[in-house]
>>> print(open('structure.cif').read())   # mmCIF, N, CA and C atoms and all ligand atoms
data_target
#
loop_
_atom_site.label_atom_id
_atom_site.label_comp_id
_atom_site.auth_asym_id
_atom_site.auth_seq_id
_atom_site.Cartn_x
_atom_site.Cartn_y
_atom_site.Cartn_z
N MET A 346 87.01 30.86 37.88
CA MET A 346 86.61 30.66 36.46
C MET A 346 85.62 29.51 36.39
N SER A 347 84.52 29.78 35.76
CA SER A 347 83.49 28.74 35.66
C SER A 347 83.07 28.55 34.22
N PHE A 348 82.81 27.31 33.88
CA PHE A 348 82.36 27.00 32.52
C PHE A 348 80.86 26.72 32.53
N PRO A 349 80.19 27.14 31.50
CA PRO A 349 78.77 26.79 31.41
C PRO A 349 78.60 25.30 31.13
N SER A 350 77.63 24.70 31.77
CA SER A 350 77.41 23.25 31.57
C SER A 350 76.73 23.02 30.22
N LEU A 351 77.35 22.15 29.46
CA LEU A 351 76.82 21.87 28.13
C LEU A 351 76.40 20.40 28.03
N GLY A 352 75.44 20.14 27.20
CA GLY A 352 75.05 18.76 26.93
C GLY A 352 74.41 18.05 28.11
N GLY A 353 73.77 18.81 28.96
CA GLY A 353 73.15 18.17 30.12
C GLY A 353 71.71 17.75 29.87
N SER A 354 71.22 18.00 28.67
CA SER A 354 69.82 17.69 28.41
C SER A 354 69.68 16.30 27.80
N LYS A 355 68.79 15.52 28.35
CA LYS A 355 68.54 14.20 27.80
C LYS A 355 67.40 14.28 26.78
N PRO A 356 67.46 13.46 25.74
CA PRO A 356 66.37 13.46 24.77
C PRO A 356 65.08 12.96 25.41
N LYS A 357 64.00 13.64 25.09
CA LYS A 357 62.73 13.25 25.69
C LYS A 357 61.93 12.33 24.77
N THR A 358 62.40 12.19 23.54
CA THR A 358 61.70 11.31 22.62
C THR A 358 62.68 10.31 22.01
N GLN A 359 62.16 9.15 21.63
CA GLN A 359 62.97 8.14 20.97
C GLN A 359 62.36 7.86 19.60
N ILE A 360 63.22 7.87 18.59
CA ILE A 360 62.74 7.58 17.24
C ILE A 360 62.67 6.07 17.06
N LEU A 361 61.54 5.59 16.59
CA LEU A 361 61.35 4.17 16.38
C LEU A 361 61.04 3.90 14.92
N THR A 362 61.45 2.72 14.47
CA THR A 362 61.20 2.30 13.10
C THR A 362 60.34 1.04 13.14
N VAL A 363 59.34 0.99 12.30
CA VAL A 363 58.51 -0.20 12.17
C VAL A 363 58.70 -0.77 10.78
N ASP A 364 59.11 -2.04 10.71
CA ASP A 364 59.17 -2.65 9.40
C ASP A 364 58.24 -3.86 9.34
N GLU A 365 57.80 -4.15 8.15
CA GLU A 365 56.76 -5.17 7.96
C GLU A 365 57.13 -6.04 6.77
N CYS A 366 56.82 -7.33 6.90
CA CYS A 366 57.02 -8.25 5.80
C CYS A 366 55.92 -8.05 4.77
N GLU A 367 56.32 -7.96 3.52
CA GLU A 367 55.32 -7.74 2.47
C GLU A 367 54.47 -8.98 2.25
N ASN A 368 54.96 -10.11 2.68
CA ASN A 368 54.28 -11.37 2.41
C ASN A 368 53.34 -11.76 3.55
N CYS A 369 53.87 -11.84 4.78
CA CYS A 369 53.06 -12.31 5.91
C CYS A 369 52.68 -11.18 6.86
N HIS A 370 53.12 -9.96 6.56
CA HIS A 370 52.75 -8.77 7.32
C HIS A 370 53.15 -8.88 8.79
N ASN A 371 54.24 -9.59 9.05
CA ASN A 371 54.78 -9.63 10.41
C ASN A 371 55.51 -8.34 10.70
N ARG A 372 55.08 -7.64 11.74
CA ARG A 372 55.66 -6.33 12.03
C ARG A 372 56.68 -6.41 13.17
N VAL A 373 57.74 -5.63 13.06
CA VAL A 373 58.74 -5.54 14.11
C VAL A 373 59.05 -4.06 14.34
N THR A 374 59.06 -3.66 15.60
CA THR A 374 59.43 -2.29 15.96
C THR A 374 60.82 -2.30 16.59
N HIS A 375 61.68 -1.42 16.14
CA HIS A 375 63.03 -1.35 16.70
C HIS A 375 63.49 0.10 16.68
N PRO A 376 64.50 0.42 17.49
CA PRO A 376 64.99 1.80 17.51
C PRO A 376 65.48 2.24 16.13
N HIS A 377 65.22 3.49 15.83
CA HIS A 377 65.60 4.05 14.53
C HIS A 377 67.12 4.10 14.41
N GLN A 378 67.61 3.70 13.28
CA GLN A 378 69.04 3.77 13.01
C GLN A 378 69.29 4.76 11.89
N PRO A 379 70.46 5.40 11.91
CA PRO A 379 70.78 6.36 10.84
C PRO A 379 70.65 5.71 9.47
N GLY A 380 69.94 6.35 8.58
CA GLY A 380 69.75 5.80 7.24
C GLY A 380 68.41 5.12 7.07
N ASP A 381 67.68 4.93 8.18
CA ASP A 381 66.36 4.32 8.06
C ASP A 381 65.37 5.32 7.46
N TYR A 382 64.57 4.83 6.53
CA TYR A 382 63.52 5.67 5.96
C TYR A 382 62.40 4.76 5.48
N VAL A 383 61.22 5.36 5.31
CA VAL A 383 60.05 4.58 4.91
C VAL A 383 60.27 4.02 3.51
N TYR A 384 59.86 2.78 3.34
CA TYR A 384 59.99 2.00 2.10
C TYR A 384 61.38 1.44 1.87
N LYS A 385 62.27 1.66 2.86
CA LYS A 385 63.61 1.08 2.72
C LYS A 385 63.54 -0.43 2.97
N PRO A 386 64.14 -1.23 2.10
CA PRO A 386 64.17 -2.67 2.35
C PRO A 386 64.88 -2.97 3.66
N ALA A 387 64.27 -3.85 4.46
CA ALA A 387 64.80 -4.11 5.80
C ALA A 387 65.22 -5.57 5.95
N GLY A 388 65.59 -6.18 4.85
CA GLY A 388 66.10 -7.54 4.94
C GLY A 388 65.05 -8.59 4.65
N GLU A 389 65.33 -9.78 5.15
CA GLU A 389 64.47 -10.92 4.84
C GLU A 389 63.68 -11.31 6.08
N CYS A 390 62.43 -11.71 5.85
CA CYS A 390 61.57 -12.12 6.95
C CYS A 390 62.05 -13.44 7.54
N ASP A 391 62.05 -13.49 8.88
CA ASP A 391 62.49 -14.72 9.54
C ASP A 391 61.48 -15.85 9.35
N LYS A 392 60.23 -15.50 9.16
CA LYS A 392 59.18 -16.52 9.14
C LYS A 392 58.95 -17.09 7.75
N CYS A 393 58.87 -16.22 6.75
CA CYS A 393 58.50 -16.70 5.43
C CYS A 393 59.55 -16.35 4.38
N HIS A 394 60.64 -15.72 4.80
CA HIS A 394 61.73 -15.33 3.89
C HIS A 394 61.25 -14.35 2.82
N GLY A 395 60.18 -13.64 3.12
CA GLY A 395 59.72 -12.60 2.22
C GLY A 395 60.54 -11.33 2.42
N THR A 396 60.20 -10.29 1.66
CA THR A 396 60.93 -9.03 1.74
C THR A 396 60.33 -8.15 2.83
N ARG A 397 61.18 -7.72 3.75
CA ARG A 397 60.74 -6.79 4.78
C ARG A 397 60.99 -5.37 4.30
N ARG A 398 60.10 -4.48 4.69
CA ARG A 398 60.23 -3.10 4.25
C ARG A 398 59.78 -2.19 5.40
N ILE A 399 60.49 -1.08 5.57
CA ILE A 399 60.11 -0.13 6.62
C ILE A 399 58.81 0.56 6.20
N ILE A 400 57.84 0.51 7.07
CA ILE A 400 56.54 1.11 6.74
C ILE A 400 56.26 2.37 7.56
N MET A 401 57.02 2.57 8.63
CA MET A 401 56.70 3.70 9.50
C MET A 401 57.93 4.11 10.31
N VAL A 402 58.13 5.40 10.45
CA VAL A 402 59.15 5.94 11.35
C VAL A 402 58.44 6.97 12.22
N TYR A 403 58.51 6.79 13.52
CA TYR A 403 57.81 7.72 14.39
C TYR A 403 58.61 7.92 15.67
N SER A 404 58.24 8.95 16.40
CA SER A 404 58.91 9.25 17.67
C SER A 404 57.97 8.94 18.82
N GLU A 405 58.54 8.37 19.86
CA GLU A 405 57.77 8.00 21.03
C GLU A 405 58.17 8.90 22.18
N ASP A 406 57.19 9.37 22.92
CA ASP A 406 57.47 10.25 24.04
C ASP A 406 57.90 9.42 25.24
N LEU A 407 59.16 9.58 25.63
CA LEU A 407 59.68 8.77 26.73
C LEU A 407 59.05 9.15 28.06
N ARG A 408 58.55 10.36 28.15
CA ARG A 408 57.97 10.79 29.42
C ARG A 408 56.69 10.01 29.73
N GLY A 409 56.07 9.47 28.67
CA GLY A 409 54.84 8.72 28.90
C GLY A 409 55.09 7.22 29.03
N LYS A 410 56.37 6.84 29.19
CA LYS A 410 56.69 5.42 29.24
C LYS A 410 56.79 4.88 30.65
N GLN A 411 56.40 5.68 31.61
CA GLN A 411 56.49 5.19 32.99
C GLN A 411 55.49 4.07 33.20
N PRO A 412 55.86 3.11 34.02
CA PRO A 412 54.96 1.97 34.26
C PRO A 412 53.65 2.43 34.88
N HIS A 413 52.60 1.85 34.37
CA HIS A 413 51.28 2.24 34.86
C HIS A 413 50.96 1.48 36.15
N LEU A 414 50.77 2.24 37.20
CA LEU A 414 50.48 1.60 38.48
C LEU A 414 49.02 1.80 38.82
N THR A 415 48.41 0.72 39.24
CA THR A 415 47.01 0.81 39.65
C THR A 415 46.98 1.11 41.14
N ALA A 416 47.09 2.40 41.43
CA ALA A 416 47.14 2.81 42.83
C ALA A 416 45.81 3.39 43.28
N SER A 417 44.82 3.23 42.43
CA SER A 417 43.54 3.86 42.75
C SER A 417 42.59 2.91 43.49
N GLU A 418 43.08 1.70 43.77
CA GLU A 418 42.18 0.77 44.48
C GLU A 418 42.04 1.20 45.94
N PRO A 419 40.83 1.26 46.40
CA PRO A 419 40.64 1.62 47.81
C PRO A 419 41.14 0.51 48.72
N GLN A 420 41.81 0.93 49.77
CA GLN A 420 42.32 -0.07 50.71
C GLN A 420 41.26 -0.45 51.72
N ALA A 421 40.95 -1.71 51.72
CA ALA A 421 39.95 -2.17 52.69
C ALA A 421 40.57 -2.30 54.08
N PRO A 422 39.85 -1.92 55.08
CA PRO A 422 40.39 -2.05 56.45
C PRO A 422 40.53 -3.53 56.83
N PRO A 423 41.51 -3.87 57.63
CA PRO A 423 41.69 -5.28 58.01
C PRO A 423 40.48 -5.78 58.77
N PRO A 424 40.12 -7.04 58.53
CA PRO A 424 38.94 -7.58 59.21
C PRO A 424 39.17 -7.66 60.72
N SER A 425 38.21 -7.17 61.41
CA SER A 425 38.35 -7.16 62.87
C SER A 425 37.89 -8.50 63.43
N LYS A 426 38.75 -9.09 64.20
CA LYS A 426 38.39 -10.39 64.78
C LYS A 426 37.54 -10.19 66.03
N PRO A 427 36.58 -11.01 66.20
CA PRO A 427 35.71 -10.88 67.38
C PRO A 427 36.43 -11.23 68.68
ZN ZN B 1 57.08 -12.88 6.31
#
>>> encode(input="structure.cif", output="C-alpha cells", more="lines below")
Ligand SMILES: [Zn+2]
Amino acid sequence: MSFPSLGGSKPKTQILTVDECENCHNRVTHPHQPGDYVYKPAGECDKCHGTRRIIMVYSEDLRGKQPHLTASEPQAPPPSKP
C-alpha cells in the first residue's frame, strides 16, 4: 500500500510588503503578513514618529535570488619564472 506524496512543493515566490513613512519617506521592506494591504497603517516611524503606511505589496521570485557570482573573469596563467 502506497500513499501519494502530498505537500512536497515549495513556494517559488515570497510576498513582500513595503511600508513608508508619510513624513520622512523612510521605506522598509518586510515579509508579507496576513492582513497586510496597501494603505494599511503600519505603525509609527522610528525616525520621526510620523505615520507609516503600506505603499506596496509584491511578490519576489525566489529562483532569482541566488548570489551573483562573477565567474566570467578569464584566468590568467601563472607567471613563469625565468
Ligand atoms: Zn519618518
>>> residues_near_ligand(input="structure.cif", ligand="ligand ZN 1 (chain B)", cutoff="8 Å", atoms="only N, CA and C atoms and all ligand atoms", output="number ranges by chain")
A: 365-372, 389-397
>>> residues_around(input="structure.cif", residues="Leu361 of chain A", least_positions_apart="6", cutoff="5 Å", atoms="only N, CA and C atoms", output="ChimeraX atom specification")
/A:375-377,402-404
>>> atom_distance(input="structure.cif", atom1="atom C of Thr358 of chain A", atom2="atom C of Gln378 of chain A")
13.3 Å
>>> atom_distance(input="structure.cif", atom1="atom N of Gln359 of chain A", atom2="atom CA of Pro386 of chain A")
22.7 Å
>>> residues_around(input="structure.cif", residues="Asp364 of chain A", least_positions_apart="3", cutoff="5 Å", atoms="all atoms listed in the file", output="number ranges by chain")
A: 372-373, 398-400
>>> write_last_selection(input="structure.cif", atoms="N, CA and C atoms", output="CSV table (one decimal), in the frame of the given file")
chain,number,residue,atom,x,y,z
A,372,ARG,N,55.1,-7.6,11.7
A,372,ARG,CA,55.7,-6.3,12.0
A,372,ARG,C,56.7,-6.4,13.2
A,373,VAL,N,57.7,-5.6,13.1
A,373,VAL,CA,58.7,-5.5,14.1
A,373,VAL,C,59.0,-4.1,14.3
A,398,ARG,N,60.1,-4.5,4.7
A,398,ARG,CA,60.2,-3.1,4.2
A,398,ARG,C,59.8,-2.2,5.4
A,399,ILE,N,60.5,-1.1,5.6
A,399,ILE,CA,60.1,-0.1,6.6
A,399,ILE,C,58.8,0.6,6.2
A,400,ILE,N,57.8,0.5,7.1
A,400,ILE,CA,56.5,1.1,6.7
A,400,ILE,C,56.3,2.4,7.6
>>> atom_distance(input="structure.cif", atom1="atom CA of Tyr382 of chain A", atom2="atom CA of Ile360 of chain A")
11.5 Å
>>> axis_aligned_box(input="structure.cif", around="segment 392-403 of chain A", padding_each_side="5 Å", output="lines of an AutoDock Vina configuration file")
center_x = 59.0
center_y = -4.6
center_z = 8.7
size_x = 15.5
size_y = 35.0
size_z = 24.0
>>> closest_residue(input="structure.cif", among="A:Leu407, A:Met401, A:Ala421, A:Val383", to="Val363 of chain A", atoms="all atoms listed in the file")
A:Met401
